[in-house]
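One file, structure.cif, is given below (mmCIF, C-alpha atoms and all ligand atoms).
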data_structure
#
loop_
_atom_site.label_atom_id
_atom_site.label_comp_id
_atom_site.auth_asym_id
_atom_site.auth_seq_id
_atom_site.Cartn_x
_atom_site.Cartn_y
_atom_site.Cartn_z
CA MET A 1 -64.69 16.46 -2.99
CA THR A 2 -62.12 18.26 -5.11
CA ALA A 3 -58.59 16.99 -5.56
CA ARG A 4 -55.87 19.21 -4.19
CA THR A 5 -52.24 19.19 -5.23
CA VAL A 6 -49.91 19.76 -2.33
CA THR A 7 -46.47 20.95 -3.34
CA ASN A 8 -43.49 21.09 -1.03
CA ALA A 9 -42.03 24.44 -1.96
CA ARG A 10 -39.65 24.64 0.99
CA PRO A 11 -36.14 25.53 -0.26
CA ALA A 12 -33.23 23.19 0.41
CA PRO A 13 -31.28 24.11 3.58
CA GLY A 14 -28.70 26.75 2.79
CA THR A 15 -30.73 28.19 -0.08
CA SER A 16 -33.63 29.91 1.71
CA LEU A 17 -34.40 33.59 1.04
CA ALA A 18 -32.59 34.52 4.26
CA ASP A 19 -29.58 32.43 3.16
CA ASN A 20 -29.57 34.02 -0.31
CA LEU A 21 -29.63 37.48 1.28
CA ARG A 22 -26.80 36.56 3.64
CA PHE A 23 -24.86 35.29 0.63
CA LEU A 24 -25.57 38.50 -1.29
CA ARG A 25 -24.43 40.65 1.63
CA ALA A 26 -21.17 38.72 1.80
CA LEU A 27 -20.79 39.00 -1.98
CA ILE A 28 -21.10 42.79 -1.80
CA ALA A 29 -18.65 43.00 1.12
CA ARG A 30 -16.04 40.55 -0.29
CA PRO A 31 -16.74 39.75 -3.97
CA LYS A 32 -13.42 37.96 -4.51
CA ASN A 33 -14.04 35.55 -1.62
CA ILE A 34 -17.61 34.70 -2.56
CA GLY A 35 -17.33 34.38 -6.32
CA ALA A 36 -20.96 33.39 -6.99
CA VAL A 37 -24.34 35.09 -7.00
CA LEU A 38 -26.20 32.24 -5.28
CA PRO A 39 -25.36 29.38 -2.93
CA SER A 40 -24.86 26.00 -4.64
CA GLY A 41 -28.16 24.32 -5.43
CA PRO A 42 -29.11 20.86 -4.12
CA ALA A 43 -28.17 19.00 -7.33
CA LEU A 44 -24.61 20.34 -7.23
CA ALA A 45 -24.40 19.83 -3.47
CA ARG A 46 -25.42 16.16 -3.85
CA ALA A 47 -23.00 15.59 -6.75
CA ILE A 48 -20.19 16.92 -4.54
CA ALA A 49 -21.18 14.91 -1.44
CA ARG A 50 -21.38 11.69 -3.50
CA GLN A 51 -17.64 11.97 -4.23
CA ILE A 52 -16.88 11.43 -0.54
CA GLY A 53 -17.71 7.74 -0.98
CA ASP A 54 -17.98 5.79 2.27
CA PRO A 55 -19.22 8.39 4.79
CA HIS A 56 -17.78 6.44 7.73
CA GLN A 57 -14.14 6.36 6.58
CA GLY A 58 -13.07 9.13 8.94
CA PRO A 59 -13.30 12.87 9.60
CA VAL A 60 -14.32 15.14 6.73
CA LEU A 61 -13.26 18.76 6.19
CA GLU A 62 -15.37 21.33 4.35
CA LEU A 63 -13.77 24.63 3.32
CA GLY A 64 -15.90 27.67 2.52
CA PRO A 65 -19.29 26.20 3.51
CA GLY A 66 -21.04 29.57 3.12
CA THR A 67 -24.74 29.20 3.91
CA GLY A 68 -24.39 25.42 4.24
CA SER A 69 -26.03 23.91 1.18
CA ILE A 70 -23.09 21.51 0.68
CA THR A 71 -22.81 20.97 4.44
CA GLN A 72 -26.39 19.72 4.40
CA ALA A 73 -25.68 17.36 1.49
CA ILE A 74 -22.57 16.00 3.25
CA LEU A 75 -24.67 15.21 6.33
CA GLU A 76 -27.43 13.67 4.19
CA HIS A 77 -24.76 11.54 2.51
CA GLY A 78 -24.27 10.00 5.95
CA VAL A 79 -21.19 11.72 7.36
CA PRO A 80 -21.84 11.98 11.12
CA ALA A 81 -22.07 15.65 12.17
CA GLU A 82 -19.52 14.98 14.96
CA ARG A 83 -16.94 14.05 12.31
CA LEU A 84 -17.41 17.10 10.10
CA THR A 85 -15.21 20.20 10.44
CA ALA A 86 -16.09 23.34 8.46
CA VAL A 87 -13.79 26.36 8.00
CA GLU A 88 -15.55 29.56 6.88
CA PHE A 89 -13.94 33.00 6.54
CA ASP A 90 -17.12 35.08 6.74
CA PRO A 91 -18.01 35.61 10.45
CA ASP A 92 -21.75 36.00 9.84
CA MET A 93 -21.96 32.78 7.80
CA ALA A 94 -19.77 30.89 10.27
CA ALA A 95 -21.97 31.95 13.21
CA GLU A 96 -25.18 31.04 11.35
CA LEU A 97 -23.80 27.63 10.40
CA ALA A 98 -22.62 26.91 13.94
CA GLY A 99 -26.10 27.69 15.23
CA ARG A 100 -27.77 25.52 12.62
CA TYR A 101 -25.47 22.50 13.04
CA PRO A 102 -24.33 22.47 16.70
CA ALA A 103 -22.61 19.07 16.35
CA VAL A 104 -20.46 20.21 13.40
CA GLU A 105 -17.11 21.75 14.34
CA VAL A 106 -17.43 25.19 12.69
CA ILE A 107 -14.24 27.25 12.65
CA ARG A 108 -14.17 30.89 11.60
CA GLY A 109 -10.83 30.93 9.82
CA ASP A 110 -8.78 31.16 6.65
CA ALA A 111 -8.60 28.02 4.50
CA PHE A 112 -5.40 29.37 2.89
CA ASP A 113 -3.79 29.10 6.33
CA LEU A 114 -5.15 25.71 7.27
CA VAL A 115 -2.58 24.77 9.92
CA HIS A 116 -3.47 27.90 11.86
CA ALA A 117 -7.23 27.60 11.22
CA LEU A 118 -7.42 23.98 12.39
CA GLY A 119 -5.13 24.58 15.35
CA PRO A 120 -3.68 21.99 17.69
CA GLY A 121 -7.00 20.11 17.95
CA SER A 122 -6.95 19.29 14.23
CA ARG A 123 -8.71 16.08 13.23
CA ALA A 124 -6.37 15.61 10.25
CA PRO A 125 -5.72 13.46 8.33
CA PHE A 126 -9.14 13.77 6.70
CA ALA A 127 -10.94 11.02 4.81
CA ALA A 128 -12.20 13.69 2.37
CA ILE A 129 -11.77 17.44 1.89
CA VAL A 130 -14.56 19.36 0.18
CA SER A 131 -13.58 22.81 -1.04
CA GLY A 132 -16.10 25.48 -2.00
CA LEU A 133 -13.59 28.31 -2.38
CA PRO A 134 -13.87 30.28 -5.65
CA LEU A 135 -10.34 29.35 -6.70
CA LEU A 136 -10.54 31.06 -10.09
CA ASN A 137 -10.61 34.40 -8.23
CA PHE A 138 -7.13 33.79 -6.83
CA PRO A 139 -3.76 33.90 -8.62
CA PRO A 140 -2.41 30.55 -9.89
CA ALA A 141 0.43 30.52 -7.33
CA SER A 142 -2.06 30.92 -4.44
CA ARG A 143 -4.25 28.15 -5.87
CA ARG A 144 -1.26 25.79 -6.07
CA ALA A 145 -0.18 26.62 -2.52
CA TYR A 146 -3.77 26.07 -1.36
CA MET A 147 -3.98 22.60 -2.96
CA GLU A 148 -0.59 21.60 -1.58
CA GLY A 149 -1.80 22.68 1.88
CA LEU A 150 -4.91 20.53 1.50
CA ALA A 151 -2.84 17.56 0.33
CA ARG A 152 -0.85 17.71 3.59
CA HIS A 153 -4.06 17.22 5.61
CA LEU A 154 -5.37 14.25 3.64
CA ALA A 155 -5.44 10.54 4.55
CA PRO A 156 -3.87 8.15 2.00
CA GLY A 157 -6.21 7.53 -0.95
CA ALA A 158 -8.67 10.22 0.17
CA PRO A 159 -10.22 12.73 -2.28
CA ILE A 160 -10.03 16.52 -2.45
CA ILE A 161 -13.33 17.62 -4.01
CA GLN A 162 -13.50 21.06 -5.60
CA PHE A 163 -16.30 22.57 -7.66
CA SER A 164 -15.77 25.28 -10.22
CA TYR A 165 -17.69 27.17 -12.90
CA GLY A 166 -14.85 27.03 -15.45
CA THR A 167 -14.42 24.37 -18.12
CA ASN A 168 -10.99 23.24 -16.89
CA ALA A 169 -9.79 22.15 -13.47
CA PRO A 170 -9.23 25.38 -11.50
CA VAL A 171 -5.76 24.26 -10.42
CA ALA A 172 -3.40 21.56 -11.64
CA ALA A 173 -3.01 18.46 -9.48
CA PRO A 174 -0.26 18.78 -6.87
CA GLU A 175 2.79 16.55 -7.33
CA GLY A 176 1.87 12.88 -6.89
CA PHE A 177 -1.85 13.60 -7.47
CA ALA A 178 -4.16 13.22 -10.46
CA VAL A 179 -7.34 15.21 -11.13
CA HIS A 180 -10.47 14.18 -13.01
CA ARG A 181 -13.87 15.70 -13.68
CA ALA A 182 -16.35 13.68 -11.65
CA ALA A 183 -19.55 15.51 -12.62
CA LEU A 184 -21.01 18.28 -14.73
CA VAL A 185 -24.15 19.69 -13.12
CA TRP A 186 -26.34 21.61 -15.54
CA ALA A 187 -29.08 21.95 -12.93
CA ASN A 188 -27.14 24.60 -11.03
CA VAL A 189 -27.02 28.38 -11.47
CA PRO A 190 -24.54 28.65 -13.08
CA PRO A 191 -23.77 25.08 -14.27
CA ALA A 192 -20.75 23.73 -12.43
CA ARG A 193 -18.15 21.01 -12.66
CA VAL A 194 -16.98 18.83 -9.80
CA TRP A 195 -13.26 18.00 -9.78
CA VAL A 196 -11.66 15.23 -7.73
CA TYR A 197 -7.96 15.24 -6.84
CA ARG A 198 -6.45 12.03 -5.52
CA ARG A 199 -2.98 10.66 -4.86
CA VAL A 200 -1.82 8.26 -7.60
C1 LIG A 301 -18.57 30.24 -3.88
S1 LIG A 301 -18.96 30.48 -2.15
C2 LIG A 301 -19.47 28.79 -1.83
C3 LIG A 301 -20.34 28.68 -0.62
C4 LIG A 301 -20.96 27.30 -0.43
N1 LIG A 301 -19.95 26.27 -0.29
C5 LIG A 301 -21.84 26.96 -1.60
O1 LIG A 301 -21.42 26.16 -2.43
O2 LIG A 301 -22.94 27.53 -1.68
C6 LIG A 301 -17.35 30.57 -1.43
C7 LIG A 301 -17.29 30.44 0.08
O3 LIG A 301 -15.94 30.36 0.49
C8 LIG A 301 -15.72 31.21 1.59
N2 LIG A 301 -14.31 31.60 1.60
C9 LIG A 301 -13.68 32.37 0.69
N3 LIG A 301 -12.37 32.49 1.00
C10 LIG A 301 -12.19 31.75 2.13
C11 LIG A 301 -11.05 31.47 2.93
N4 LIG A 301 -9.87 31.97 2.65
N5 LIG A 301 -11.21 30.66 4.00
C12 LIG A 301 -12.44 30.14 4.29
N6 LIG A 301 -13.54 30.38 3.58
C13 LIG A 301 -13.43 31.17 2.50
C14 LIG A 301 -16.66 32.38 1.31
O4 LIG A 301 -16.90 33.17 2.47
C15 LIG A 301 -17.88 31.63 0.81
O5 LIG A 301 -18.67 31.20 1.87
#
In structure tokens, how does this file's structure come out?
Amino acid sequence: MTARTVTNARPAPGTSLADNLRFLRALIARPKNIGAVLPSGPALARAIARQIGDPHQGPVLELGPGTGSITQAILEHGVPAERLTAVEFDPDMAAELAGRYPAVEVIRGDAFDLVHALGPGSRAPFAAIVSGLPLLNFPPASRRAYMEGLARHLAPGAPIIQFSYGTNAPVAAPEGFAVHRAALVWANVPPARVWVYRRV
């Protein structure tokens, strides 16, 4: 009998060929909003999800989930799907995500206008907010306004988790908050940093 090596070559959820093509289509249609050539890989997605801490603290908000690679890591971290809300601007990605994760509250909306996107049924305050928006593509004043908007939807002591491809935090901490680099993930294309903002 000959030995056979069986490899599990299945891509991580959110990073399949179909997902990469969906991502590419969105990149061509709205380059400023996508800001990356590929969805986040599983190492980065896990490094982000880890920053949530206790997954049972309360509802979690994900902004800009795209094809769902970080969504998957958040669920694998132990956040119950029923307590996760995701706001995605791209209608195709939002519809795909809603079909893939029926228990997750997927909202097709604008994370820069969070009050309107979340609506009257908002689950805020959130025990963690994970942001995948390519903030470096937006002017500094919009980034600051975005962070201040997130801060208003956060439970006391909860983190805002933002990844970025730059060397510095993509936006300064809002008043009363501090920011620190929680991880540097070389095993991502491109390498990325994970920034955590928290009230001090
Ligand atoms: C860099 S991609 C990240 C996607 C995914 N989180 C990942 O890491 O693979 C940015 C995502 O943010 C979404 N996005 C950009 N601007 C947005 C906005 N104003 N509101 C909601 N989503 C937005 C894009 O459609 C895209 O899915």
Per residue of chain A within 8 Å of ligand LIG 301 (chain A), which atom pair is closest and at what distance in Å (one decimal), using only C-alpha atoms and all ligand atoms, listed by chain and increasing number, as a tab-separated table?
residue	atom	partner	partner_atom	distance
A:Gly14	CA	A:LIG301	O2	7.3
A:Thr15	CA	A:LIG301	O2	8.0
A:Phe23	CA	A:LIG301	O5	7.5
A:Ala26	CA	A:LIG301	O4	7.0
A:Arg30	CA	A:LIG301	O4	7.9
A:Lys32	CA	A:LIG301	C9	7.6
A:Asn33	CA	A:LIG301	C9	3.9
A:Ile34	CA	A:LIG301	C6	4.3
A:Gly35	CA	A:LIG301	C1	5.0
A:Ala36	CA	A:LIG301	C1	5.0
A:Leu38	CA	A:LIG301	O2	6.8
A:Pro39	CA	A:LIG301	O2	3.3
A:Ser40	CA	A:LIG301	O2	3.8
A:Gly41	CA	A:LIG301	O2	7.2
A:Ala45	CA	A:LIG301	O1	7.1
A:Leu63	CA	A:LIG301	C12	5.8
A:Gly64	CA	A:LIG301	O3	3.4
A:Pro65	CA	A:LIG301	N1	3.9
A:Gly66	CA	A:LIG301	O5	3.1
A:Thr67	CA	A:LIG301	C4	6.1
A:Gly68	CA	A:LIG301	C4	6.1
A:Ser69	CA	A:LIG301	O2	5.6
A:Ile70	CA	A:LIG301	N1	5.8
A:Thr71	CA	A:LIG301	N1	7.7
A:Val87	CA	A:LIG301	C12	5.5
A:Glu88	CA	A:LIG301	N6	4.0
A:Phe89	CA	A:LIG301	C12	3.9
A:Asp90	CA	A:LIG301	O4	4.7
A:Met93	CA	A:LIG301	O5	7.0
A:Arg108	CA	A:LIG301	C12	7.5
A:Gly109	CA	A:LIG301	C12	5.8
A:Asp110	CA	A:LIG301	N5	3.6
A:Ala111	CA	A:LIG301	N5	3.7
A:Phe112	CA	A:LIG301	N4	5.2
A:Asp113	CA	A:LIG301	N4	7.7
A:Ser131	CA	A:LIG301	N1	7.3
A:Gly132	CA	A:LIG301	N1	4.3
A:Leu133	CA	A:LIG301	O3	4.2
A:Pro134	CA	A:LIG301	C1	5.0
Please compute the atom CA of A:Ala117-atom CA of A:Ala86 distance, one decimal, in Å.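 Taking atom CA of A:Ala117 and atom CA of A:Ala86, their separation equals 10.2 Å.
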One decimal place gives the atom CA of A:Phe177-atom CA of A:Ile74 separation as 23.5 Å
Of the candidates A:Pro159, A:Pro102, A:Pro170, A:Pro125, which one gets nearest to A:Ser142 if we count all atoms listed in the file? A:Pro170
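Atom CA of A:Val115 lies 20.0 Å from atom CA of A:Tyr197.
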Using all atoms listed in the file, which residue out of A:Leu84, A:Ala172, A:Leu21, A:Leu75 lies closest to A:Arg144? A:Ala172
May I have the residues at most 12 Å from (-21.6, 13.9, 13.0) in the file's coordinates, counting only C-alpha atoms, as an MDAnalysis selection string? chainID A and resid 55:56 58:61 71:72 74:86 101:105
Nearest residue to A:Val189 from the set A:Ile28, A:Arg22, A:Gly119, A:Leu44 (distances using all atoms listed in the file): A:Leu44
Residue nearest A:Ala192 among A:Ser16, A:Gln162, A:Gln51, A:Gln57 (counting only C-alpha atoms): A:Gln162
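Closest approach to A:Phe126 among A:Gly166, A:Gly149, A:Pro91, A:Pro156: A:Pro156, based on only C-alpha atoms.
Among the candidates A:Ala18, A:Ala155, A:Ala43, A:Val200, the one nearest to A:Gly176 when counting only C-alpha atoms is A:Val200.
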